[in-house]
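Engineer: work.pdb is the file, holding PDB, N, CA and C atoms, pLDDT in the B column:
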MODEL        1
ATOM      1  N   MET A  95     184.736 255.221 -53.315  1.00 58.00           N
ATOM      2  CA  MET A  95     183.385 255.439 -53.789  1.00 58.00           C
ATOM      3  C   MET A  95     182.554 254.179 -53.525  1.00 58.00           C
ATOM      4  N   LEU A  96     181.329 254.388 -53.130  1.00 63.00           N
ATOM      5  CA  LEU A  96     180.443 253.273 -52.815  1.00 63.00           C
ATOM      6  C   LEU A  96     179.874 252.646 -54.076  1.00 63.00           C
ATOM      7  N   ASN A  97     179.725 251.345 -54.043  1.00 65.00           N
ATOM      8  CA  ASN A  97     179.096 250.598 -55.118  1.00 65.00           C
ATOM      9  C   ASN A  97     177.584 250.757 -54.971  1.00 65.00           C
ATOM     10  N   PRO A  98     176.872 251.248 -55.987  1.00 64.00           N
ATOM     11  CA  PRO A  98     175.428 251.466 -55.852  1.00 64.00           C
ATOM     12  C   PRO A  98     174.626 250.193 -55.590  1.00 64.00           C
ATOM     13  N   LYS A  99     175.184 249.015 -55.894  1.00 72.00           N
ATOM     14  CA  LYS A  99     174.489 247.755 -55.663  1.00 72.00           C
ATOM     15  C   LYS A  99     174.749 247.198 -54.266  1.00 72.00           C
ATOM     16  N   GLN A 100     175.631 247.831 -53.538  1.00 80.00           N
ATOM     17  CA  GLN A 100     176.039 247.363 -52.214  1.00 80.00           C
ATOM     18  C   GLN A 100     175.058 247.845 -51.148  1.00 80.00           C
ATOM     19  N   GLU A 101     174.797 246.999 -50.149  1.00 94.00           N
ATOM     20  CA  GLU A 101     173.950 247.389 -49.030  1.00 94.00           C
ATOM     21  C   GLU A 101     174.708 248.418 -48.188  1.00 94.00           C
ATOM     22  N   THR A 102     174.026 249.498 -47.826  1.00 94.00           N
ATOM     23  CA  THR A 102     174.689 250.577 -47.101  1.00 94.00           C
ATOM     24  C   THR A 102     174.006 250.864 -45.767  1.00 94.00           C
ATOM     25  N   PHE A 103     174.686 251.659 -44.960  1.00 95.00           N
ATOM     26  CA  PHE A 103     174.204 252.068 -43.649  1.00 95.00           C
ATOM     27  C   PHE A 103     174.457 253.561 -43.514  1.00 95.00           C
ATOM     28  N   GLU A 104     173.471 254.306 -43.018  1.00 95.00           N
ATOM     29  CA  GLU A 104     173.629 255.737 -42.797  1.00 95.00           C
ATOM     30  C   GLU A 104     173.918 255.993 -41.325  1.00 95.00           C
ATOM     31  N   LEU A 105     174.986 256.711 -41.093  1.00 94.00           N
ATOM     32  CA  LEU A 105     175.434 257.052 -39.751  1.00 94.00           C
ATOM     33  C   LEU A 105     175.358 258.566 -39.609  1.00 94.00           C
ATOM     34  N   TYR A 106     174.786 259.029 -38.500  1.00 96.00           N
ATOM     35  CA  TYR A 106     174.718 260.453 -38.225  1.00 96.00           C
ATOM     36  C   TYR A 106     175.599 260.751 -37.025  1.00 96.00           C
ATOM     37  N   GLY A 107     176.398 261.788 -37.126  1.00 97.00           N
ATOM     38  CA  GLY A 107     177.266 262.127 -36.015  1.00 97.00           C
ATOM     39  C   GLY A 107     177.952 263.461 -36.223  1.00 97.00           C
ATOM     40  N   GLU A 108     178.834 263.750 -35.287  1.00 97.00           N
ATOM     41  CA  GLU A 108     179.585 265.005 -35.297  1.00 97.00           C
ATOM     42  C   GLU A 108     180.965 264.754 -35.899  1.00 97.00           C
ATOM     43  N   LEU A 109     181.309 265.530 -36.909  1.00 97.00           N
ATOM     44  CA  LEU A 109     182.630 265.429 -37.512  1.00 97.00           C
ATOM     45  C   LEU A 109     183.620 266.113 -36.569  1.00 97.00           C
ATOM     46  N   GLN A 110     184.451 265.313 -35.897  1.00 97.00           N
ATOM     47  CA  GLN A 110     185.387 265.868 -34.922  1.00 97.00           C
ATOM     48  C   GLN A 110     186.690 266.295 -35.561  1.00 97.00           C
ATOM     49  N   SER A 111     187.180 265.515 -36.502  1.00 97.00           N
ATOM     50  CA  SER A 111     188.410 265.866 -37.218  1.00 97.00           C
ATOM     51  C   SER A 111     188.534 264.966 -38.429  1.00 97.00           C
ATOM     52  N   GLU A 112     189.584 265.207 -39.196  1.00 96.00           N
ATOM     53  CA  GLU A 112     189.813 264.372 -40.363  1.00 96.00           C
ATOM     54  C   GLU A 112     191.290 264.383 -40.721  1.00 96.00           C
ATOM     55  N   THR A 113     191.698 263.344 -41.435  1.00 98.00           N
ATOM     56  CA  THR A 113     193.031 263.259 -42.017  1.00 98.00           C
ATOM     57  C   THR A 113     192.831 263.091 -43.515  1.00 98.00           C
ATOM     58  N   GLN A 114     193.905 262.890 -44.236  1.00 97.00           N
ATOM     59  CA  GLN A 114     193.761 262.638 -45.668  1.00 97.00           C
ATOM     60  C   GLN A 114     193.017 261.332 -45.918  1.00 97.00           C
ATOM     61  N   ALA A 115     193.136 260.390 -44.983  1.00 97.00           N
ATOM     62  CA  ALA A 115     192.581 259.052 -45.184  1.00 97.00           C
ATOM     63  C   ALA A 115     191.217 258.808 -44.552  1.00 97.00           C
ATOM     64  N   CYS A 116     190.882 259.526 -43.455  1.00 97.00           N
ATOM     65  CA  CYS A 116     189.611 259.210 -42.797  1.00 97.00           C
ATOM     66  C   CYS A 116     188.995 260.405 -42.074  1.00 97.00           C
ATOM     67  N   TRP A 117     187.703 260.219 -41.773  1.00 97.00           N
ATOM     68  CA  TRP A 117     186.953 261.158 -40.951  1.00 97.00           C
ATOM     69  C   TRP A 117     186.814 260.532 -39.572  1.00 97.00           C
ATOM     70  N   PHE A 118     186.825 261.362 -38.532  1.00 98.00           N
ATOM     71  CA  PHE A 118     186.583 260.889 -37.172  1.00 98.00           C
ATOM     72  C   PHE A 118     185.205 261.401 -36.763  1.00 98.00           C
ATOM     73  N   ILE A 119     184.264 260.476 -36.628  1.00 97.00           N
ATOM     74  CA  ILE A 119     182.869 260.802 -36.378  1.00 97.00           C
ATOM     75  C   ILE A 119     182.495 260.418 -34.953  1.00 97.00           C
ATOM     76  N   TYR A 120     181.941 261.368 -34.210  1.00 97.00           N
ATOM     77  CA  TYR A 120     181.462 261.103 -32.854  1.00 97.00           C
ATOM     78  C   TYR A 120     179.974 260.804 -32.946  1.00 97.00           C
ATOM     79  N   ASP A 121     179.576 259.619 -32.496  1.00 93.00           N
ATOM     80  CA  ASP A 121     178.176 259.190 -32.611  1.00 93.00           C
ATOM     81  C   ASP A 121     177.363 259.403 -31.332  1.00 93.00           C
ATOM     82  N   GLY A 122     177.932 260.120 -30.376  1.00 93.00           N
ATOM     83  CA  GLY A 122     177.260 260.354 -29.109  1.00 93.00           C
ATOM     84  C   GLY A 122     177.815 259.480 -27.997  1.00 93.00           C
ATOM     85  N   ILE A 123     178.558 258.440 -28.379  1.00 93.00           N
ATOM     86  CA  ILE A 123     179.180 257.533 -27.416  1.00 93.00           C
ATOM     87  C   ILE A 123     180.672 257.361 -27.726  1.00 93.00           C
ATOM     88  N   ASN A 124     180.959 257.061 -28.978  1.00 94.00           N
ATOM     89  CA  ASN A 124     182.334 256.781 -29.406  1.00 94.00           C
ATOM     90  C   ASN A 124     182.739 257.666 -30.576  1.00 94.00           C
ATOM     91  N   THR A 125     184.044 257.840 -30.731  1.00 96.00           N
ATOM     92  CA  THR A 125     184.582 258.461 -31.931  1.00 96.00           C
ATOM     93  C   THR A 125     185.062 257.337 -32.830  1.00 96.00           C
ATOM     94  N   ILE A 126     184.515 257.308 -34.043  1.00 96.00           N
ATOM     95  CA  ILE A 126     184.744 256.202 -34.965  1.00 96.00           C
ATOM     96  C   ILE A 126     185.520 256.705 -36.180  1.00 96.00           C
ATOM     97  N   PRO A 127     186.672 256.103 -36.488  1.00 97.00           N
ATOM     98  CA  PRO A 127     187.374 256.472 -37.717  1.00 97.00           C
ATOM     99  C   PRO A 127     186.695 255.811 -38.918  1.00 97.00           C
ATOM    100  N   ILE A 128     186.337 256.624 -39.888  1.00 97.00           N
ATOM    101  CA  ILE A 128     185.668 256.125 -41.090  1.00 97.00           C
ATOM    102  C   ILE A 128     186.566 256.430 -42.293  1.00 97.00           C
ATOM    103  N   PRO A 129     187.034 255.408 -42.997  1.00 97.00           N
ATOM    104  CA  PRO A 129     187.896 255.638 -44.162  1.00 97.00           C
ATOM    105  C   PRO A 129     187.149 256.410 -45.261  1.00 97.00           C
ATOM    106  N   LYS A 130     187.770 257.453 -45.752  1.00 97.00           N
ATOM    107  CA  LYS A 130     187.142 258.260 -46.811  1.00 97.00           C
ATOM    108  C   LYS A 130     186.912 257.435 -48.075  1.00 97.00           C
ATOM    109  N   SER A 131     187.770 256.454 -48.309  1.00 95.00           N
ATOM    110  CA  SER A 131     187.637 255.629 -49.517  1.00 95.00           C
ATOM    111  C   SER A 131     186.415 254.718 -49.475  1.00 95.00           C
ATOM    112  N   GLN A 132     185.817 254.548 -48.284  1.00 95.00           N
ATOM    113  CA  GLN A 132     184.674 253.647 -48.125  1.00 95.00           C
ATOM    114  C   GLN A 132     183.383 254.384 -47.783  1.00 95.00           C
ATOM    115  N   ALA A 133     183.388 255.720 -47.901  1.00 95.00           N
ATOM    116  CA  ALA A 133     182.225 256.470 -47.425  1.00 95.00           C
ATOM    117  C   ALA A 133     181.936 257.690 -48.282  1.00 95.00           C
ATOM    118  N   THR A 134     180.697 258.137 -48.141  1.00 95.00           N
ATOM    119  CA  THR A 134     180.331 259.458 -48.654  1.00 95.00           C
ATOM    120  C   THR A 134     179.812 260.250 -47.459  1.00 95.00           C
ATOM    121  N   ILE A 135     180.021 261.547 -47.498  1.00 96.00           N
ATOM    122  CA  ILE A 135     179.616 262.383 -46.372  1.00 96.00           C
ATOM    123  C   ILE A 135     178.791 263.554 -46.887  1.00 96.00           C
ATOM    124  N   ARG A 136     177.781 263.910 -46.106  1.00 97.00           N
ATOM    125  CA  ARG A 136     176.961 265.098 -46.402  1.00 97.00           C
ATOM    126  C   ARG A 136     176.882 265.885 -45.101  1.00 97.00           C
ATOM    127  N   MET A 137     177.401 267.101 -45.145  1.00 97.00           N
ATOM    128  CA  MET A 137     177.363 267.947 -43.960  1.00 97.00           C
ATOM    129  C   MET A 137     175.958 268.515 -43.785  1.00 97.00           C
ATOM    130  N   ILE A 138     175.418 268.392 -42.585  1.00 97.00           N
ATOM    131  CA  ILE A 138     174.093 268.911 -42.256  1.00 97.00           C
ATOM    132  C   ILE A 138     174.206 270.368 -41.812  1.00 97.00           C
ATOM    133  N   ASN A 139     175.239 270.647 -41.027  1.00 97.00           N
ATOM    134  CA  ASN A 139     175.590 272.015 -40.644  1.00 97.00           C
ATOM    135  C   ASN A 139     177.106 272.045 -40.487  1.00 97.00           C
ATOM    136  N   SER A 140     177.648 272.957 -39.719  1.00 95.00           N
ATOM    137  CA  SER A 140     179.108 273.085 -39.650  1.00 95.00           C
ATOM    138  C   SER A 140     179.808 271.917 -38.943  1.00 95.00           C
ATOM    139  N   VAL A 141     179.105 271.126 -38.143  1.00 94.00           N
ATOM    140  CA  VAL A 141     179.735 269.993 -37.445  1.00 94.00           C
ATOM    141  C   VAL A 141     179.007 268.664 -37.625  1.00 94.00           C
ATOM    142  N   ASP A 142     177.706 268.665 -37.826  1.00 97.00           N
ATOM    143  CA  ASP A 142     176.930 267.433 -37.935  1.00 97.00           C
ATOM    144  C   ASP A 142     176.926 266.920 -39.368  1.00 97.00           C
ATOM    145  N   ALA A 143     177.046 265.590 -39.477  1.00 97.00           N
ATOM    146  CA  ALA A 143     177.159 264.990 -40.798  1.00 97.00           C
ATOM    147  C   ALA A 143     176.346 263.709 -40.905  1.00 97.00           C
ATOM    148  N   GLU A 144     175.981 263.403 -42.137  1.00 97.00           N
ATOM    149  CA  GLU A 144     175.366 262.131 -42.496  1.00 97.00           C
ATOM    150  C   GLU A 144     176.400 261.380 -43.321  1.00 97.00           C
ATOM    151  N   ILE A 145     176.804 260.218 -42.860  1.00 97.00           N
ATOM    152  CA  ILE A 145     177.829 259.439 -43.527  1.00 97.00           C
ATOM    153  C   ILE A 145     177.213 258.130 -43.995  1.00 97.00           C
ATOM    154  N   THR A 146     177.421 257.800 -45.247  1.00 96.00           N
ATOM    155  CA  THR A 146     176.936 256.545 -45.805  1.00 96.00           C
ATOM    156  C   THR A 146     178.137 255.634 -46.006  1.00 96.00           C
ATOM    157  N   ILE A 147     178.047 254.445 -45.406  1.00 96.00           N
ATOM    158  CA  ILE A 147     179.125 253.470 -45.495  1.00 96.00           C
ATOM    159  C   ILE A 147     178.549 252.110 -45.863  1.00 96.00           C
ATOM    160  N   PRO A 148     179.395 251.201 -46.373  1.00 95.00           N
ATOM    161  CA  PRO A 148     178.913 249.850 -46.653  1.00 95.00           C
ATOM    162  C   PRO A 148     178.486 249.153 -45.365  1.00 95.00           C
ATOM    163  N   MET A 149     177.491 248.300 -45.454  1.00 94.00           N
ATOM    164  CA  MET A 149     176.998 247.577 -44.281  1.00 94.00           C
ATOM    165  C   MET A 149     178.104 246.734 -43.640  1.00 94.00           C
ATOM    166  N   TRP A 150     178.964 246.125 -44.454  1.00 94.00           N
ATOM    167  CA  TRP A 150     180.049 245.311 -43.889  1.00 94.00           C
ATOM    168  C   TRP A 150     180.960 246.149 -43.004  1.00 94.00           C
ATOM    169  N   LEU A 151     181.196 247.417 -43.368  1.00 95.00           N
ATOM    170  CA  LEU A 151     182.045 248.289 -42.569  1.00 95.00           C
ATOM    171  C   LEU A 151     181.338 248.699 -41.268  1.00 95.00           C
ATOM    172  N   ALA A 152     180.038 248.941 -41.349  1.00 94.00           N
ATOM    173  CA  ALA A 152     179.276 249.273 -40.140  1.00 94.00           C
ATOM    174  C   ALA A 152     179.331 248.113 -39.154  1.00 94.00           C
ATOM    175  N   LYS A 153     179.244 246.886 -39.640  1.00 94.00           N
ATOM    176  CA  LYS A 153     179.326 245.713 -38.782  1.00 94.00           C
ATOM    177  C   LYS A 153     180.723 245.566 -38.201  1.00 94.00           C
ATOM    178  N   LYS A 154     181.733 245.782 -39.035  1.00 94.00           N
ATOM    179  CA  LYS A 154     183.126 245.659 -38.593  1.00 94.00           C
ATOM    180  C   LYS A 154     183.462 246.678 -37.509  1.00 94.00           C
ATOM    181  N   LYS A 155     182.906 247.905 -37.630  1.00 92.00           N
ATOM    182  CA  LYS A 155     183.175 248.968 -36.670  1.00 92.00           C
ATOM    183  C   LYS A 155     182.288 248.844 -35.418  1.00 92.00           C
ATOM    184  N   GLY A 156     181.349 247.896 -35.433  1.00 91.00           N
ATOM    185  CA  GLY A 156     180.480 247.698 -34.281  1.00 91.00           C
ATOM    186  C   GLY A 156     179.354 248.715 -34.178  1.00 91.00           C
ATOM    187  N   ILE A 157     179.024 249.339 -35.290  1.00 90.00           N
ATOM    188  CA  ILE A 157     177.958 250.345 -35.322  1.00 90.00           C
ATOM    189  C   ILE A 157     176.593 249.666 -35.322  1.00 90.00           C
ATOM    190  N   VAL A 158     176.490 248.543 -36.025  1.00 87.00           N
ATOM    191  CA  VAL A 158     175.242 247.763 -36.062  1.00 87.00           C
ATOM    192  C   VAL A 158     175.472 246.379 -35.506  1.00 87.00           C
TER     193      VAL A 158
ENDMDL
END
Rewrite the structure of this file - the entire thing - as structure tokens.

Structural biologist:
Amino acid sequence: MLNPKQETFELYGELQSETQACWFIYDGINTIPIPKSQATIRMINSVDAEITIPMWLAKKKGIV
């Protein structure tokens, strides 16, 4: 669960698959594994999603 005081980043992409531990999000260039414990997800339709993650994780994954 995200800390409400933490700086966050919103990522939009296609949910390609998932495991118990993470979602695999395709951002149009790369498929990025996003740990479920560090994110919240909102499905826009059956495949597209809005994922909110901590800014530190977005930097670590090379998203920003």

Engineer: Evaluate the PyMOL selection byres (((chain A and resi 155 and name CA) around 12) and name CA) and record the selected residues as a list in words, following the chain and residue labels used in the document.

Structural biologist: Phe103, Leu105, Ile119, Asn124, Thr125, Ile126, Pro127, Ile128, Pro129, Ile147, Pro148, Met149, Trp150, Leu151, Ala152, Lys153, Lys154, Gly156, Ile157 and Val158 of chain A

Engineer: Output N, CA and C atoms of each residue in that selection to a file, as a PDB file, in the coordinates of the input.

Structural biologist:
ATOM      1  N   PHE A 103     174.686 251.659 -44.960  1.00 95.00           N
ATOM      2  CA  PHE A 103     174.204 252.068 -43.649  1.00 95.00           C
ATOM      3  C   PHE A 103     174.457 253.561 -43.514  1.00 95.00           C
ATOM      4  N   LEU A 105     174.986 256.711 -41.093  1.00 94.00           N
ATOM      5  CA  LEU A 105     175.434 257.052 -39.751  1.00 94.00           C
ATOM      6  C   LEU A 105     175.358 258.566 -39.609  1.00 94.00           C
ATOM      7  N   ILE A 119     184.264 260.476 -36.628  1.00 97.00           N
ATOM      8  CA  ILE A 119     182.869 260.802 -36.378  1.00 97.00           C
ATOM      9  C   ILE A 119     182.495 260.418 -34.953  1.00 97.00           C
ATOM     10  N   ASN A 124     180.959 257.061 -28.978  1.00 94.00           N
ATOM     11  CA  ASN A 124     182.334 256.781 -29.406  1.00 94.00           C
ATOM     12  C   ASN A 124     182.739 257.666 -30.576  1.00 94.00           C
ATOM     13  N   THR A 125     184.044 257.840 -30.731  1.00 96.00           N
ATOM     14  CA  THR A 125     184.582 258.461 -31.931  1.00 96.00           C
ATOM     15  C   THR A 125     185.062 257.337 -32.830  1.00 96.00           C
ATOM     16  N   ILE A 126     184.515 257.308 -34.043  1.00 96.00           N
ATOM     17  CA  ILE A 126     184.744 256.202 -34.965  1.00 96.00           C
ATOM     18  C   ILE A 126     185.520 256.705 -36.180  1.00 96.00           C
ATOM     19  N   PRO A 127     186.672 256.103 -36.488  1.00 97.00           N
ATOM     20  CA  PRO A 127     187.374 256.472 -37.717  1.00 97.00           C
ATOM     21  C   PRO A 127     186.695 255.811 -38.918  1.00 97.00           C
ATOM     22  N   ILE A 128     186.337 256.624 -39.888  1.00 97.00           N
ATOM     23  CA  ILE A 128     185.668 256.125 -41.090  1.00 97.00           C
ATOM     24  C   ILE A 128     186.566 256.430 -42.293  1.00 97.00           C
ATOM     25  N   PRO A 129     187.034 255.408 -42.997  1.00 97.00           N
ATOM     26  CA  PRO A 129     187.896 255.638 -44.162  1.00 97.00           C
ATOM     27  C   PRO A 129     187.149 256.410 -45.261  1.00 97.00           C
ATOM     28  N   ILE A 147     178.047 254.445 -45.406  1.00 96.00           N
ATOM     29  CA  ILE A 147     179.125 253.470 -45.495  1.00 96.00           C
ATOM     30  C   ILE A 147     178.549 252.110 -45.863  1.00 96.00           C
ATOM     31  N   PRO A 148     179.395 251.201 -46.373  1.00 95.00           N
ATOM     32  CA  PRO A 148     178.913 249.850 -46.653  1.00 95.00           C
ATOM     33  C   PRO A 148     178.486 249.153 -45.365  1.00 95.00           C
ATOM     34  N   MET A 149     177.491 248.300 -45.454  1.00 94.00           N
ATOM     35  CA  MET A 149     176.998 247.577 -44.281  1.00 94.00           C
ATOM     36  C   MET A 149     178.104 246.734 -43.640  1.00 94.00           C
ATOM     37  N   TRP A 150     178.964 246.125 -44.454  1.00 94.00           N
ATOM     38  CA  TRP A 150     180.049 245.311 -43.889  1.00 94.00           C
ATOM     39  C   TRP A 150     180.960 246.149 -43.004  1.00 94.00           C
ATOM     40  N   LEU A 151     181.196 247.417 -43.368  1.00 95.00           N
ATOM     41  CA  LEU A 151     182.045 248.289 -42.569  1.00 95.00           C
ATOM     42  C   LEU A 151     181.338 248.699 -41.268  1.00 95.00           C
ATOM     43  N   ALA A 152     180.038 248.941 -41.349  1.00 94.00           N
ATOM     44  CA  ALA A 152     179.276 249.273 -40.140  1.00 94.00           C
ATOM     45  C   ALA A 152     179.331 248.113 -39.154  1.00 94.00           C
ATOM     46  N   LYS A 153     179.244 246.886 -39.640  1.00 94.00           N
ATOM     47  CA  LYS A 153     179.326 245.713 -38.782  1.00 94.00           C
ATOM     48  C   LYS A 153     180.723 245.566 -38.201  1.00 94.00           C
ATOM     49  N   LYS A 154     181.733 245.782 -39.035  1.00 94.00           N
ATOM     50  CA  LYS A 154     183.126 245.659 -38.593  1.00 94.00           C
ATOM     51  C   LYS A 154     183.462 246.678 -37.509  1.00 94.00           C
ATOM     52  N   GLY A 156     181.349 247.896 -35.433  1.00 91.00           N
ATOM     53  CA  GLY A 156     180.480 247.698 -34.281  1.00 91.00           C
ATOM     54  C   GLY A 156     179.354 248.715 -34.178  1.00 91.00           C
ATOM     55  N   ILE A 157     179.024 249.339 -35.290  1.00 90.00           N
ATOM     56  CA  ILE A 157     177.958 250.345 -35.322  1.00 90.00           C
ATOM     57  C   ILE A 157     176.593 249.666 -35.322  1.00 90.00           C
ATOM     58  N   VAL A 158     176.490 248.543 -36.025  1.00 87.00           N
ATOM     59  CA  VAL A 158     175.242 247.763 -36.062  1.00 87.00           C
ATOM     60  C   VAL A 158     175.472 246.379 -35.506  1.00 87.00           C
TER      61      VAL A 158
END

Engineer: Among chain A, which residues does DSSP mark as alpha helix (DSSP H) when it is run on the backbone? Keep the chain and numbering as in the structure and answer as a list in words.

Structural biologist: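 Those in chain A that DSSP calls alpha helix (DSSP H) are Met149, Trp150, Leu151, Ala152, Lys153 and Lys154 of chain A.
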
Engineer: Name every residue that the PyMOL selection byres ((chain A and resi 131) around 6) selects in this structure, writing the answer as a list in words with chains first and numbers rising.

Structural biologist: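 The output of the PyMOL selection byres ((chain A and resi 131) around 6) on this file is Met95, Ala115, Pro129, Lys130, Gln132 and Ala133 of chain A.
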
Engineer: Residues of the last selection are to be written out with N, CA and C atoms, as a PDB file, keeping the file's coordinate frame.

Structural biologist:
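The result, stored in part02.pdb:
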ATOM      1  N   MET A  95     184.736 255.221 -53.315  1.00 58.00           N
ATOM      2  CA  MET A  95     183.385 255.439 -53.789  1.00 58.00           C
ATOM      3  C   MET A  95     182.554 254.179 -53.525  1.00 58.00           C
ATOM      4  N   ALA A 115     193.136 260.390 -44.983  1.00 97.00           N
ATOM      5  CA  ALA A 115     192.581 259.052 -45.184  1.00 97.00           C
ATOM      6  C   ALA A 115     191.217 258.808 -44.552  1.00 97.00           C
ATOM      7  N   PRO A 129     187.034 255.408 -42.997  1.00 97.00           N
ATOM      8  CA  PRO A 129     187.896 255.638 -44.162  1.00 97.00           C
ATOM      9  C   PRO A 129     187.149 256.410 -45.261  1.00 97.00           C
ATOM     10  N   LYS A 130     187.770 257.453 -45.752  1.00 97.00           N
ATOM     11  CA  LYS A 130     187.142 258.260 -46.811  1.00 97.00           C
ATOM     12  C   LYS A 130     186.912 257.435 -48.075  1.00 97.00           C
ATOM     13  N   GLN A 132     185.817 254.548 -48.284  1.00 95.00           N
ATOM     14  CA  GLN A 132     184.674 253.647 -48.125  1.00 95.00           C
ATOM     15  C   GLN A 132     183.383 254.384 -47.783  1.00 95.00           C
ATOM     16  N   ALA A 133     183.388 255.720 -47.901  1.00 95.00           N
ATOM     17  CA  ALA A 133     182.225 256.470 -47.425  1.00 95.00           C
ATOM     18  C   ALA A 133     181.936 257.690 -48.282  1.00 95.00           C
TER      19      ALA A 133
END

Engineer: So how many Å separate atom C of Phe118 (chain A) and CA of Thr102 (chain A), to one decimal?

Structural biologist: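 Taking atom C of Phe118 (chain A) and CA of Thr102 (chain A), their separation equals 18.3 Å.
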
Engineer: Which residues, written as a PyMOL selection string, have at least one atom at most 6 Å from Thr134 (chain A), with only N, CA and C atoms counted and residues fewer than 3 positions away on the same chain left out?

Structural biologist: chain A and resi 144-147

Engineer: Enumerate as an MDAnalysis selection string all residues of chain A assigned to strand (DSSP E) by DSSP on the backbone, naming them with the chain letters and numbers the document uses.

Structural biologist: chainID A and resid 102:112 116:120 125:129 134:137 142:148

Engineer: CA of Arg136 (chain A) and CA of Gln100 (chain A), how far apart in Å?

Structural biologist: 18.7 Å

Engineer: Using only C-alpha atoms, which protein or nucleic acid residues come within 12 Å of Asp142 (chain A)? Drop anything in the same chain fewer than 4 positions from it, and give the result as an MDAnalysis selection string.

Structural biologist: chainID A and resid 105:111 118:122 135:138

Engineer: How many Å lie between atom N of Lys99 (chain A) and atom C of Gln114 (chain A), rounded to one decimal?

Structural biologist: 23.9 Å
